[in-house]
file data17.cif (mmCIF, C-alpha atoms and all ligand atoms)
data_model
loop_
_atom_site.label_atom_id
_atom_site.label_comp_id
_atom_site.auth_asym_id
_atom_site.auth_seq_id
_atom_site.Cartn_x
_atom_site.Cartn_y
_atom_site.Cartn_z
CA MET A 1 -19.97 -21.69 13.60
CA GLU A 2 -16.86 -22.61 15.52
CA HIS A 3 -14.62 -20.95 12.93
CA ILE A 4 -16.54 -17.67 13.01
CA ASN A 5 -16.08 -17.55 16.78
CA TYR A 6 -12.35 -18.16 16.36
CA PHE A 7 -12.22 -15.47 13.68
CA LYS A 8 -14.04 -12.93 15.81
CA ASP A 9 -11.96 -13.66 18.87
CA LEU A 10 -8.66 -13.33 16.97
CA LEU A 11 -9.78 -10.19 15.11
CA GLY A 12 -10.79 -8.65 18.45
CA LYS A 13 -7.31 -9.28 19.87
CA LEU A 14 -5.59 -7.78 16.82
CA ILE A 15 -7.81 -4.68 16.79
CA SER A 16 -7.14 -4.00 20.47
CA SER A 17 -3.36 -3.94 19.94
CA PRO A 18 -2.49 -0.45 18.56
CA SER A 19 0.07 -0.43 15.72
CA VAL A 20 -0.28 2.99 14.11
CA SER A 21 2.60 3.95 11.83
CA SER A 22 3.22 7.60 11.09
CA GLU A 23 5.95 9.99 9.95
CA ASP A 24 5.00 11.90 13.13
CA PRO A 25 7.06 10.29 15.96
CA THR A 26 4.42 11.18 18.58
CA LEU A 27 1.92 8.90 16.79
CA ASP A 28 4.28 6.15 15.59
CA ARG A 29 3.95 2.83 17.49
CA SER A 30 5.72 -0.52 17.63
CA ASN A 31 4.04 -3.57 16.04
CA GLN A 32 5.31 -6.05 18.69
CA GLY A 33 1.84 -6.60 20.16
CA ILE A 34 0.43 -7.75 16.81
CA LEU A 35 3.40 -10.04 16.19
CA GLU A 36 3.05 -11.71 19.61
CA ILE A 37 -0.63 -12.44 18.92
CA LEU A 38 0.19 -13.92 15.50
CA GLU A 39 3.11 -15.97 16.87
CA ASN A 40 0.95 -17.45 19.63
CA GLU A 41 -1.75 -18.46 17.16
CA ALA A 42 0.77 -19.84 14.67
CA LYS A 43 2.65 -21.90 17.26
CA ALA A 44 -0.61 -23.47 18.43
CA MET A 45 -0.99 -24.69 14.83
CA ASN A 46 2.64 -25.90 14.54
CA GLY A 47 3.70 -22.85 12.56
CA VAL A 48 7.41 -21.96 12.40
CA CYS A 49 7.99 -18.25 13.12
CA LEU A 50 10.87 -16.13 11.90
CA ARG A 51 11.28 -12.44 12.64
CA GLN A 52 13.22 -9.90 10.60
CA LYS A 53 14.29 -6.69 12.34
CA VAL A 54 13.34 -3.66 10.26
CA ILE A 55 13.26 -0.64 12.58
CA SER A 56 14.79 -0.32 16.05
CA ASP A 57 13.01 2.73 17.50
CA PRO A 58 10.20 2.01 18.09
CA PRO A 59 10.96 -1.70 17.54
CA LYS A 60 9.24 -3.00 14.41
CA ASP A 61 9.82 -6.43 12.87
CA ASN A 62 8.50 -8.35 9.91
CA LEU A 63 7.21 -11.81 10.82
CA LEU A 64 7.24 -14.80 8.48
CA ILE A 65 5.25 -17.86 9.56
CA ARG A 66 5.55 -21.18 7.76
CA PHE A 67 3.01 -23.96 7.94
CA GLY A 68 3.81 -27.28 6.32
CA PRO A 69 7.09 -28.65 4.96
CA ASP A 70 10.22 -26.59 4.36
CA VAL A 71 10.43 -27.22 0.61
CA PRO A 72 10.36 -24.85 -2.39
CA GLY A 73 7.07 -23.61 -3.82
CA GLY A 74 3.78 -23.11 -2.00
CA LEU A 75 1.79 -19.98 -1.29
CA LEU A 76 2.65 -16.68 0.42
CA LEU A 77 -0.20 -14.73 2.02
CA SER A 78 0.90 -11.24 2.98
CA GLY A 79 -0.45 -8.33 4.98
CA HIS A 80 0.82 -5.27 6.83
CA THR A 81 0.62 -4.98 10.61
CA ASP A 82 0.39 -1.18 10.77
CA THR A 83 -2.65 1.05 10.47
CA VAL A 84 -2.97 4.71 9.65
CA PRO A 85 -3.55 7.18 12.53
CA TYR A 86 -7.19 7.83 13.37
CA ASP A 87 -9.47 10.76 14.01
CA GLU A 88 -10.92 9.91 17.42
CA LYS A 89 -13.69 12.51 17.20
CA GLY A 90 -15.11 10.97 14.03
CA TRP A 91 -15.40 7.40 15.37
CA LYS A 92 -18.78 6.29 16.72
CA THR A 93 -17.00 3.55 18.71
CA ASN A 94 -13.55 2.96 20.20
CA PRO A 95 -11.29 2.28 17.15
CA PHE A 96 -9.29 -0.21 19.29
CA GLU A 97 -12.30 -2.32 20.21
CA LEU A 98 -14.00 -4.70 17.80
CA THR A 99 -17.69 -3.83 17.64
CA GLU A 100 -20.46 -5.01 15.35
CA ASP A 101 -23.97 -4.45 14.11
CA PRO A 102 -26.01 -6.91 12.03
CA ASP A 103 -24.11 -6.08 8.81
CA PHE A 104 -20.58 -5.01 9.74
CA PHE A 105 -17.63 -5.39 12.11
CA TYR A 106 -15.98 -2.07 13.07
CA GLY A 107 -12.46 -1.23 14.26
CA LEU A 108 -9.20 0.36 13.08
CA GLY A 109 -7.67 -2.22 10.75
CA VAL A 110 -10.67 -4.55 10.29
CA ILE A 111 -10.05 -4.40 6.54
CA ASP A 112 -6.71 -2.51 6.22
CA MET A 113 -5.51 -4.96 7.15
CA LYS A 114 -5.37 -6.77 10.47
CA GLY A 115 -8.53 -8.53 9.36
CA PHE A 116 -6.62 -10.44 6.69
CA PHE A 117 -4.45 -12.19 9.29
CA ALA A 118 -7.59 -13.35 11.08
CA HIS A 119 -9.13 -14.57 7.78
CA ALA A 120 -5.92 -16.40 6.81
CA LEU A 121 -5.36 -18.15 10.16
CA THR A 122 -9.05 -19.09 10.38
CA ALA A 123 -9.00 -20.62 6.89
CA TYR A 124 -5.81 -22.60 7.53
CA ARG A 125 -7.06 -23.78 10.92
CA GLU A 126 -10.21 -25.16 9.28
CA ILE A 127 -8.39 -27.28 6.72
CA MET A 128 -5.20 -28.28 8.53
CA GLU A 129 -6.76 -31.24 10.33
CA THR A 130 -8.14 -32.90 7.25
CA SER A 131 -5.62 -32.11 4.50
CA LYS A 132 -1.96 -32.95 4.07
CA MET A 133 0.39 -30.09 3.25
CA LEU A 134 2.74 -31.01 0.40
CA ARG A 135 4.13 -27.50 -0.01
CA PRO A 136 4.47 -24.64 2.49
CA LEU A 137 1.90 -21.99 3.32
CA TYR A 138 3.63 -18.76 4.39
CA LEU A 139 2.01 -15.90 6.23
CA LEU A 140 4.00 -12.66 6.09
CA ALA A 141 3.27 -9.70 8.39
CA THR A 142 5.13 -6.54 7.38
CA VAL A 143 5.77 -3.12 8.99
CA ASP A 144 5.26 0.47 7.88
CA GLU A 145 3.23 -0.12 4.71
CA GLU A 146 1.30 3.06 5.40
CA THR A 147 4.47 5.19 5.51
CA THR A 148 7.69 4.01 3.85
CA MET A 149 6.96 0.37 2.87
CA ALA A 150 10.22 -0.39 4.70
CA GLY A 151 8.98 -3.84 5.75
CA ALA A 152 8.12 -5.08 2.26
CA LYS A 153 11.34 -3.62 0.84
CA SER A 154 13.48 -5.35 3.50
CA PHE A 155 11.66 -8.63 3.05
CA ALA A 156 11.99 -8.57 -0.75
CA ALA A 157 15.68 -7.66 -0.50
CA GLU A 158 16.51 -10.61 1.77
CA ALA A 159 13.81 -13.18 0.94
CA SER A 160 15.11 -16.71 0.73
CA ILE A 161 11.73 -18.33 0.06
CA ARG A 162 10.47 -19.13 -3.44
CA PRO A 163 6.68 -19.50 -3.33
CA ASP A 164 4.72 -20.34 -6.49
CA ALA A 165 2.15 -17.62 -5.81
CA ILE A 166 1.60 -14.55 -3.63
CA ILE A 167 -1.66 -13.04 -2.37
CA ILE A 168 -1.72 -9.64 -0.63
CA GLY A 169 -4.98 -9.31 1.29
CA GLU A 170 -5.62 -5.57 0.93
CA PRO A 171 -9.34 -4.74 0.74
CA THR A 172 -10.52 -5.22 -2.86
CA SER A 173 -14.11 -6.42 -2.23
CA LEU A 174 -12.78 -9.87 -3.27
CA THR A 175 -11.82 -8.64 -6.77
CA PRO A 176 -8.49 -10.03 -8.05
CA ILE A 177 -6.20 -7.05 -8.68
CA PHE A 178 -3.37 -7.93 -11.06
CA LYS A 179 -1.88 -4.50 -11.71
CA HIS A 180 -1.69 -1.12 -10.08
CA LYS A 181 0.00 2.22 -10.46
CA GLY A 182 3.19 3.30 -8.73
CA TYR A 183 3.86 6.48 -6.80
CA MET A 184 6.43 9.28 -7.06
CA ALA A 185 6.49 12.65 -5.29
CA TYR A 186 8.75 15.66 -5.84
CA ARG A 187 9.57 19.08 -4.45
CA ILE A 188 10.76 21.78 -6.84
CA THR A 189 12.39 24.86 -5.34
CA VAL A 190 13.23 28.08 -7.18
CA ASN A 191 15.73 30.40 -5.52
CA GLY A 192 15.38 33.93 -6.90
CA LYS A 193 16.53 37.20 -5.38
CA SER A 194 14.22 39.35 -3.29
CA CYS A 195 14.18 43.15 -3.40
CA HIS A 196 11.76 46.08 -3.09
CA SER A 197 8.96 45.88 -5.64
CA SER A 198 9.57 49.48 -6.74
CA ASN A 199 12.60 48.34 -8.75
CA PRO A 200 11.93 44.83 -10.10
CA ASP A 201 15.12 44.77 -12.19
CA GLU A 202 17.22 44.56 -9.02
CA GLY A 203 15.72 41.20 -8.07
CA ILE A 204 14.89 37.85 -9.63
CA ASN A 205 11.26 36.90 -9.15
CA ALA A 206 11.05 33.22 -8.17
CA ILE A 207 7.29 33.19 -8.83
CA SER A 208 7.84 34.20 -12.47
CA ILE A 209 10.30 31.33 -12.98
CA MET A 210 7.94 28.91 -11.19
CA ASN A 211 5.08 30.13 -13.37
CA ARG A 212 6.97 28.99 -16.49
CA ILE A 213 7.77 25.66 -14.79
CA ILE A 214 4.09 25.11 -13.91
CA THR A 215 3.07 25.77 -17.52
CA GLY A 216 5.67 23.22 -18.68
CA ILE A 217 4.53 20.64 -16.12
CA GLU A 218 0.89 21.05 -17.09
CA THR A 219 1.79 20.46 -20.74
CA MET A 220 3.71 17.35 -19.63
CA ALA A 221 0.63 16.09 -17.72
CA GLU A 222 -1.51 16.54 -20.85
CA HIS A 223 1.10 14.68 -22.91
CA MET A 224 1.06 11.79 -20.38
CA LYS A 225 -2.73 11.67 -20.60
CA THR A 226 -2.88 11.47 -24.39
CA SER A 227 0.27 9.44 -25.14
CA PHE A 228 0.38 6.79 -22.39
CA ARG A 229 -3.23 5.67 -22.29
CA ASP A 230 -3.90 2.29 -20.58
CA ASP A 231 -7.56 1.31 -20.69
CA GLY A 232 -7.03 -1.38 -18.06
CA PHE A 233 -7.18 1.31 -15.37
CA PRO A 234 -10.24 3.17 -14.05
CA VAL A 235 -8.21 6.37 -14.58
CA ASN A 236 -6.67 5.28 -17.85
CA TYR A 237 -3.42 7.27 -17.91
CA PRO A 238 -0.49 8.09 -15.58
CA THR A 239 -1.59 11.08 -13.53
CA LEU A 240 0.41 14.12 -12.42
CA ASN A 241 -0.92 16.47 -9.73
CA ILE A 242 0.56 19.78 -8.59
CA GLY A 243 -0.53 19.58 -4.96
CA SER A 244 0.96 22.70 -3.40
CA VAL A 245 2.72 25.96 -4.31
CA HIS A 246 4.18 28.40 -1.80
CA GLY A 247 6.08 31.58 -2.57
CA GLY A 248 6.47 35.19 -1.58
CA ASP A 249 5.29 37.10 1.44
CA ALA A 250 4.10 40.60 0.50
CA PRO A 251 2.82 42.52 -2.53
CA ASN A 252 5.63 45.05 -2.28
CA ARG A 253 8.52 42.56 -2.36
CA ILE A 254 9.97 40.61 -5.27
CA CYS A 255 9.62 36.94 -4.30
CA GLY A 256 12.96 35.37 -3.42
CA SER A 257 11.89 31.74 -3.10
CA CYS A 258 9.08 29.57 -4.42
CA LEU A 259 8.35 25.92 -3.72
CA LEU A 260 6.09 23.42 -5.45
CA GLU A 261 5.16 19.82 -4.62
CA LEU A 262 3.70 17.33 -7.07
CA ASP A 263 2.98 13.63 -7.38
CA ILE A 264 3.00 11.25 -10.33
CA ARG A 265 1.31 7.83 -10.53
CA PRO A 266 3.07 5.80 -13.24
CA THR A 267 1.32 2.91 -15.02
CA PRO A 268 3.21 -0.34 -15.74
CA ALA A 269 3.90 0.91 -19.30
CA THR A 270 5.59 4.05 -17.95
CA SER A 271 8.52 3.37 -15.66
CA PRO A 272 9.43 5.76 -12.83
CA GLN A 273 12.84 6.30 -14.50
CA MET A 274 11.22 7.39 -17.75
CA LEU A 275 8.84 9.82 -16.04
CA ASP A 276 11.63 11.10 -13.80
CA GLU A 277 13.70 11.93 -16.89
CA LEU A 278 10.69 13.53 -18.59
CA LEU A 279 9.97 15.71 -15.54
CA LYS A 280 13.58 16.88 -15.28
CA LYS A 281 13.76 17.66 -18.99
CA THR A 282 10.45 19.57 -18.80
CA VAL A 283 11.61 21.67 -15.83
CA ARG A 284 15.01 22.34 -17.43
CA GLU A 285 13.45 23.55 -20.67
CA ALA A 286 10.76 25.61 -18.94
CA ALA A 287 13.26 27.34 -16.65
CA GLY A 288 15.67 28.03 -19.52
CA SER A 289 18.61 30.19 -18.45
CA SER A 290 17.25 30.30 -14.89
CA PHE A 291 17.62 26.53 -14.43
CA GLU A 292 20.67 26.99 -12.20
CA ARG A 293 18.24 28.54 -9.66
CA VAL A 294 16.05 25.42 -9.64
CA GLN A 295 16.34 22.34 -7.43
CA ILE A 296 14.33 19.15 -7.98
CA SER A 297 14.23 16.59 -5.16
CA GLU A 298 12.30 13.39 -4.50
CA LEU A 299 10.07 13.53 -1.43
CA TYR A 300 10.20 9.71 -1.08
CA PRO A 301 11.92 6.92 -2.96
CA PRO A 302 9.61 5.98 -5.87
CA ILE A 303 7.19 3.03 -5.62
CA PRO A 304 7.25 1.22 -8.96
CA PRO A 305 4.01 0.21 -10.69
CA PHE A 306 3.09 -3.48 -10.47
CA GLU A 307 1.71 -5.97 -12.98
CA THR A 308 1.40 -9.75 -12.98
CA ASP A 309 1.54 -11.38 -16.42
CA PRO A 310 -2.13 -11.35 -17.55
CA SER A 311 -1.79 -14.95 -18.78
CA SER A 312 -0.73 -16.19 -15.33
CA ASP A 313 -2.71 -19.17 -13.96
CA LEU A 314 -2.94 -17.48 -10.56
CA ILE A 315 -5.18 -14.74 -11.98
CA SER A 316 -7.58 -17.20 -13.60
CA ILE A 317 -7.70 -19.38 -10.45
CA CYS A 318 -8.57 -16.29 -8.38
CA GLU A 319 -11.28 -15.32 -10.90
CA LYS A 320 -12.70 -18.83 -10.83
CA ILE A 321 -12.89 -19.08 -7.03
CA THR A 322 -14.32 -15.60 -6.45
CA GLY A 323 -16.47 -15.35 -9.59
CA LYS A 324 -15.06 -11.83 -10.08
CA ARG A 325 -13.18 -10.46 -13.10
CA ARG A 326 -9.60 -9.25 -12.76
CA ALA A 327 -9.12 -5.48 -12.43
CA ALA A 328 -6.48 -2.78 -12.13
CA VAL A 329 -6.44 -0.01 -9.49
CA ASN A 330 -5.04 3.51 -9.24
CA TYR A 331 -3.46 3.16 -5.77
CA SER A 332 -0.29 1.27 -4.87
CA THR A 333 0.50 -1.59 -2.47
CA GLU A 334 3.43 -3.69 -1.28
CA ALA A 335 2.99 -5.71 -4.49
CA SER A 336 5.51 -3.31 -6.07
CA PHE A 337 8.21 -4.86 -3.87
CA LEU A 338 6.95 -8.35 -2.99
CA SER A 339 6.44 -9.22 -6.68
CA THR A 340 10.22 -8.89 -7.14
CA ILE A 341 10.78 -12.17 -5.29
CA GLY A 342 9.68 -13.78 -8.53
CA ALA A 343 6.18 -15.24 -8.22
CA PRO A 344 2.84 -14.19 -9.75
CA LEU A 345 1.00 -11.94 -7.34
CA VAL A 346 -2.64 -10.98 -6.92
CA VAL A 347 -4.03 -8.41 -4.45
CA LEU A 348 -7.33 -9.73 -3.08
CA GLY A 349 -9.12 -9.22 0.21
CA ALA A 350 -12.40 -8.48 1.96
CA GLY A 351 -13.76 -4.98 2.46
CA ASP A 352 -14.07 -1.91 0.30
CA ILE A 353 -10.93 0.16 -0.29
CA ALA A 354 -13.15 3.26 0.01
CA ASP A 355 -13.63 2.38 3.72
CA ALA A 356 -9.87 2.10 4.39
CA HIS A 357 -8.19 5.08 6.12
CA GLN A 358 -11.69 6.30 7.07
CA ILE A 359 -13.51 6.78 10.35
CA ASN A 360 -15.67 3.79 11.36
CA GLU A 361 -13.63 1.41 9.16
CA LYS A 362 -15.88 -1.57 8.52
CA LEU A 363 -15.78 -5.18 7.35
CA PRO A 364 -18.99 -6.35 5.64
CA LYS A 365 -20.10 -9.61 7.28
CA ARG A 366 -21.43 -10.85 3.95
CA GLU A 367 -17.83 -11.02 2.61
CA ILE A 368 -16.44 -13.16 5.44
CA GLU A 369 -17.69 -16.44 3.99
CA GLY A 370 -16.35 -15.41 0.55
CA ILE A 371 -12.81 -14.63 1.70
CA ASN A 372 -12.79 -17.75 3.88
CA ARG A 373 -13.74 -19.94 0.93
CA PHE A 374 -11.24 -18.19 -1.34
CA LEU A 375 -8.40 -18.74 1.15
CA ARG A 376 -9.26 -22.40 1.77
CA GLU A 377 -9.36 -23.08 -1.96
CA ILE A 378 -6.21 -21.17 -2.87
CA ILE A 379 -4.30 -22.85 -0.03
CA ALA A 380 -5.55 -26.23 -1.25
CA ALA A 381 -4.61 -25.40 -4.86
CA CYS A 382 -1.07 -24.22 -4.01
CA CYS A 383 -0.09 -26.32 -1.00
CA MET A 384 -2.03 -29.60 -1.00
ZN ZN B 401 -3.39 -1.44 3.56
#

call {"tool": "encode", "arguments": {"input": "data17.cif", "output": "structure tokens", "more": "lines below"}}
Ligand SMILES: [Zn+2]
result
Amino acid sequence: MEHINYFKDLLGKLISSPSVSSEDPTLDRSNQGILEILENEAKAMNGVCLRQKVISDPPKDNLLIRFGPDVPGGLLLSGHTDTVPYDEKGWKTNPFELTEDPDFFYGLGVIDMKGFFAHALTAYREIMETSKMLRPLYLLATVDEETTMAGAKSFAAEASIRPDAIIIGEPTSLTPIFKHKGYMAYRITVNGKSCHSSNPDEGINAISIMNRIITGIETMAEHMKTSFRDDGFPVNYPTLNIGSVHGGDAPNRICGSCLLELDIRPTPATSPQMLDELLKKTVREAAGSSFERVQISELYPPIPPFETDPSSDLISICEKITGKRRAAVNYSTEASFLSTIGAPLVVLGAGDIADAHQINEKLPKREIEGINRFLREIIAACCM
């Protein structure tokens, strides 16, 4: 009972400290409030806190907390401090106030993923009195997962710790996720030559060139679907989506410029480099002699797909504790970067991913005991 009160109290504090991250500077907030709450809790439990500056305006830092001895090995529990922006009109309650009904807790970030920090600190607090730590337990709080993943990238680039295992507590309904897709997004621009539609030969119609490119890209998407099948995924192939096309302004003008945006979600068997080359080859061939009028640019740096070796002990330990089979998911997480520090990684947390980024984000109360038990046992297995 005491630990659920601690959990609720801490979760309430975290929810009431806004930490929205957004490409829109009017919505983007610092994460200092969250870090101060976590530092205070950690210090009360003899945790050692280390900040890493990631962004200066507004100030955003990663925070690494260590419990237990400063020796190699141990366990890293990781979460992101930021949330997505919110649609105030849709919320039944104040998104920055923890509220509850008999079945759920509500608030922005209760599952994605301020809640994980509260679960992790509660679990450690319960066992720290009675068990001796032989290896360190790390708690990592990152910035800007919802936008650029700058926090996870910076941490992975400079990490000096070498844990034996990593858990990222994104909401998975307690299912151990051992692989996921990556993410790539592109803009393709065709620069034609506009003129009056009464004499088409005087211009170069950008829509016509883009039309050939779209046909080529759709053939490429079909090829990806049939040739790179991976039955481990719910959507069992790397997807490609043409998300927007804009071109032209009037029926009586030849279109001078046309723009297309698309995304690709690579599976672990299809690297971003390989699909990048395939896309560029496809566009070059489809455009033919007009290729000099075409520009291809990345909208964001690619997020690589992630996979932990299926034979890894960490996966079977997670399956054993939770009683749930391993799975793969179509979305991406910071695992793409944190796994590069060289330890097996599983994504596992409370709450349903379908409720993340939604109005009235909710944490099912029936999963709190399950994540608490999982965290106590995985900490014991890795650190004690
Ligand atoms: Zn998240």

call {"tool": "residues_near_point", "arguments": {"input": "data17.cif", "point": "(-1.7, -2.7, -17.3)", "cutoff": "7 Å", "atoms": "all atoms listed in the file", "output": "MDAnalysis selection string"}}
result
chainID A and resid 179 230 232 267:269 307

call {"tool": "closest_atom_pairs", "arguments": {"input": "data17.cif", "of": "chain A", "to": "ligand ZN 401 (chain B)", "cutoff": "9 Å", "atoms": "all atoms listed in the file", "output": "tab-separated table"}}
result
residue	atom	partner	partner_atom	distance
A:Gly79	CA	B:ZN401	ZN	7.6
A:His80	CA	B:ZN401	ZN	6.6
A:Thr81	CA	B:ZN401	ZN	8.8
A:Asp82	CA	B:ZN401	ZN	8.1
A:Thr83	CA	B:ZN401	ZN	7.4
A:Val84	CA	B:ZN401	ZN	8.7
A:Gly109	CA	B:ZN401	ZN	8.4
A:Ile111	CA	B:ZN401	ZN	7.9
A:Asp112	CA	B:ZN401	ZN	4.4
A:Met113	CA	B:ZN401	ZN	5.5
A:Lys114	CA	B:ZN401	ZN	8.9
A:Glu145	CA	B:ZN401	ZN	6.8
A:Glu146	CA	B:ZN401	ZN	6.8
A:Gly169	CA	B:ZN401	ZN	8.3
A:Glu170	CA	B:ZN401	ZN	5.4
A:Pro171	CA	B:ZN401	ZN	7.4
A:Thr333	CA	B:ZN401	ZN	7.2
A:Glu334	CA	B:ZN401	ZN	8.7
A:Ile353	CA	B:ZN401	ZN	8.6
A:Ala356	CA	B:ZN401	ZN	7.4
A:His357	CA	B:ZN401	ZN	8.5

call {"tool": "residues_around", "arguments": {"input": "data17.cif", "residues": "stretch 9-26 of chain A", "least_positions_apart": "5", "cutoff": "10 Å", "atoms": "only C-alpha atoms", "output": "PyMOL selection string"}}
result
chain A and resi 3-4+31-38+41+57-58+60+81-86+94-99+105-110+113-119+121-122+143-148

call {"tool": "write_last_selection", "arguments": {"input": "data17.cif", "atoms": "C-alpha atoms", "output": "tab-separated table (two decimals), in the frame of the given file"}}
result
chain	number	residue	atom	x	y	z
A	3	HIS	CA	-14.62	-20.95	12.93
A	4	ILE	CA	-16.54	-17.67	13.01
A	31	ASN	CA	4.04	-3.57	16.04
A	32	GLN	CA	5.31	-6.05	18.69
A	33	GLY	CA	1.84	-6.60	20.16
A	34	ILE	CA	0.43	-7.75	16.81
A	35	LEU	CA	3.40	-10.04	16.19
A	36	GLU	CA	3.05	-11.71	19.61
A	37	ILE	CA	-0.63	-12.44	18.92
A	38	LEU	CA	0.19	-13.92	15.50
A	41	GLU	CA	-1.75	-18.46	17.16
A	57	ASP	CA	13.01	2.73	17.50
A	58	PRO	CA	10.20	2.01	18.09
A	60	LYS	CA	9.24	-3.00	14.41
A	81	THR	CA	0.62	-4.98	10.61
A	82	ASP	CA	0.39	-1.18	10.77
A	83	THR	CA	-2.65	1.05	10.47
A	84	VAL	CA	-2.97	4.71	9.65
A	85	PRO	CA	-3.55	7.18	12.53
A	86	TYR	CA	-7.19	7.83	13.37
A	94	ASN	CA	-13.55	2.96	20.20
A	95	PRO	CA	-11.29	2.28	17.15
A	96	PHE	CA	-9.29	-0.21	19.29
A	97	GLU	CA	-12.30	-2.32	20.21
A	98	LEU	CA	-14.00	-4.70	17.80
A	99	THR	CA	-17.69	-3.83	17.64
A	105	PHE	CA	-17.63	-5.39	12.11
A	106	TYR	CA	-15.98	-2.07	13.07
A	107	GLY	CA	-12.46	-1.23	14.26
A	108	LEU	CA	-9.20	0.36	13.08
A	109	GLY	CA	-7.67	-2.22	10.75
A	110	VAL	CA	-10.67	-4.55	10.29
A	113	MET	CA	-5.51	-4.96	7.15
A	114	LYS	CA	-5.37	-6.77	10.47
A	115	GLY	CA	-8.53	-8.53	9.36
A	116	PHE	CA	-6.62	-10.44	6.69
A	117	PHE	CA	-4.45	-12.19	9.29
A	118	ALA	CA	-7.59	-13.35	11.08
A	119	HIS	CA	-9.13	-14.57	7.78
A	121	LEU	CA	-5.36	-18.15	10.16
A	122	THR	CA	-9.05	-19.09	10.38
A	143	VAL	CA	5.77	-3.12	8.99
A	144	ASP	CA	5.26	0.47	7.88
A	145	GLU	CA	3.23	-0.12	4.71
A	146	GLU	CA	1.30	3.06	5.40
A	147	THR	CA	4.47	5.19	5.51
A	148	THR	CA	7.69	4.01	3.85

call {"tool": "residues_around", "arguments": {"input": "data17.cif", "residues": "A:Gly243", "least_positions_apart": "5", "cutoff": "9 Å", "atoms": "all atoms listed in the file", "output": "PDB file with C-alpha atoms, in the frame of the given file"}}
result
ATOM      1  CA  LEU A 260       6.090  23.420  -5.450  1.00  0.00           C
ATOM      2  CA  GLU A 261       5.160  19.820  -4.620  1.00  0.00           C
ATOM      3  CA  LEU A 262       3.700  17.330  -7.070  1.00  0.00           C
ATOM      4  CA  ASP A 263       2.980  13.630  -7.380  1.00  0.00           C
TER       5      ASP A 263
END

call {"tool": "residues_around", "arguments": {"input": "data17.cif", "residues": "stretch 129-136 of chain A", "least_positions_apart": "2", "cutoff": "10 Å", "atoms": "all atoms listed in the file", "output": "ChimeraX atom specification"}}
result
/A:45,65-76,124-127,138-139,161,163-164,379-380,382-384

call {"tool": "write_last_selection", "arguments": {"input": "data17.cif", "atoms": "C-alpha atoms", "output": "CSV table (one decimal), in the coordinates of the input"}}
result
chain,number,residue,atom,x,y,z
A,45,MET,CA,-1.0,-24.7,14.8
A,65,ILE,CA,5.2,-17.9,9.6
A,66,ARG,CA,5.6,-21.2,7.8
A,67,PHE,CA,3.0,-24.0,7.9
A,68,GLY,CA,3.8,-27.3,6.3
A,69,PRO,CA,7.1,-28.6,5.0
A,70,ASP,CA,10.2,-26.6,4.4
A,71,VAL,CA,10.4,-27.2,0.6
A,72,PRO,CA,10.4,-24.8,-2.4
A,73,GLY,CA,7.1,-23.6,-3.8
A,74,GLY,CA,3.8,-23.1,-2.0
A,75,LEU,CA,1.8,-20.0,-1.3
A,76,LEU,CA,2.6,-16.7,0.4
A,124,TYR,CA,-5.8,-22.6,7.5
A,125,ARG,CA,-7.1,-23.8,10.9
A,126,GLU,CA,-10.2,-25.2,9.3
A,127,ILE,CA,-8.4,-27.3,6.7
A,138,TYR,CA,3.6,-18.8,4.4
A,139,LEU,CA,2.0,-15.9,6.2
A,161,ILE,CA,11.7,-18.3,0.1
A,163,PRO,CA,6.7,-19.5,-3.3
A,164,ASP,CA,4.7,-20.3,-6.5
A,379,ILE,CA,-4.3,-22.8,0.0
A,380,ALA,CA,-5.6,-26.2,-1.2
A,382,CYS,CA,-1.1,-24.2,-4.0
A,383,CYS,CA,-0.1,-26.3,-1.0
A,384,MET,CA,-2.0,-29.6,-1.0

call {"tool": "atom_distance", "arguments": {"input": "data17.cif", "atom1": "atom CA of A:Leu363", "atom2": "atom CA of A:Leu348"}}
result
14.2 Å

call {"tool": "closest_residue", "arguments": {"input": "data17.cif", "among": "A:Phe228, A:Phe337, A:Phe104, A:Phe374", "to": "A:Ala152", "atoms": "only C-alpha atoms"}}
result
A:Phe337

call {"tool": "atom_distance", "arguments": {"input": "data17.cif", "atom1": "atom CA of A:Pro251", "atom2": "atom CA of A:Ser198"}}
result
10.6 Å

call {"tool": "closest_residue", "arguments": {"input": "data17.cif", "among": "A:Cys49, A:Leu338, A:Ile242, A:Val346", "to": "A:Ile303", "atoms": "all atoms listed in the file"}}
result
A:Leu338

call {"tool": "axis_aligned_box", "arguments": {"input": "data17.cif", "around": "stretch 213-221 of chain A", "padding_each_side": "6 Å", "output": "AutoDock Vina command-line options"}}
result
--center_x 4.2 --center_y 20.9 --center_z -17.3 --size_x 19.1 --size_y 21.7 --size_z 18.8

call {"tool": "closest_atom_pairs", "arguments": {"input": "data17.cif", "of": "stretch 89-202 of chain A", "to": "stretch 311-316 of chain A", "cutoff": "9 Å", "atoms": "all atoms listed in the file", "output": "tab-separated table"}}
result
residue	atom	partner	partner_atom	distance
A:Ala165	CA	A:Leu314	CA	7.0
A:Ile166	CA	A:Leu314	CA	8.8
A:Pro176	CA	A:Ile315	CA	7.0
A:Ile177	CA	A:Ile315	CA	8.4
A:Phe178	CA	A:Ile315	CA	7.1

call {"tool": "closest_residue", "arguments": {"input": "data17.cif", "among": "A:Ala141, A:Ala156, A:Ser78, A:Lys43", "to": "A:Ile341", "atoms": "all atoms listed in the file"}}
result
A:Ala156

call {"tool": "atom_distance", "arguments": {"input": "data17.cif", "atom1": "atom CA of A:Val245", "atom2": "atom CA of A:Ser297"}}
result
14.9 Å

call {"tool": "closest_residue", "arguments": {"input": "data17.cif", "among": "A:Leu140, A:Leu27, A:Leu278, A:Ala120", "to": "A:Gln52", "atoms": "all atoms listed in the file"}}
result
A:Leu140
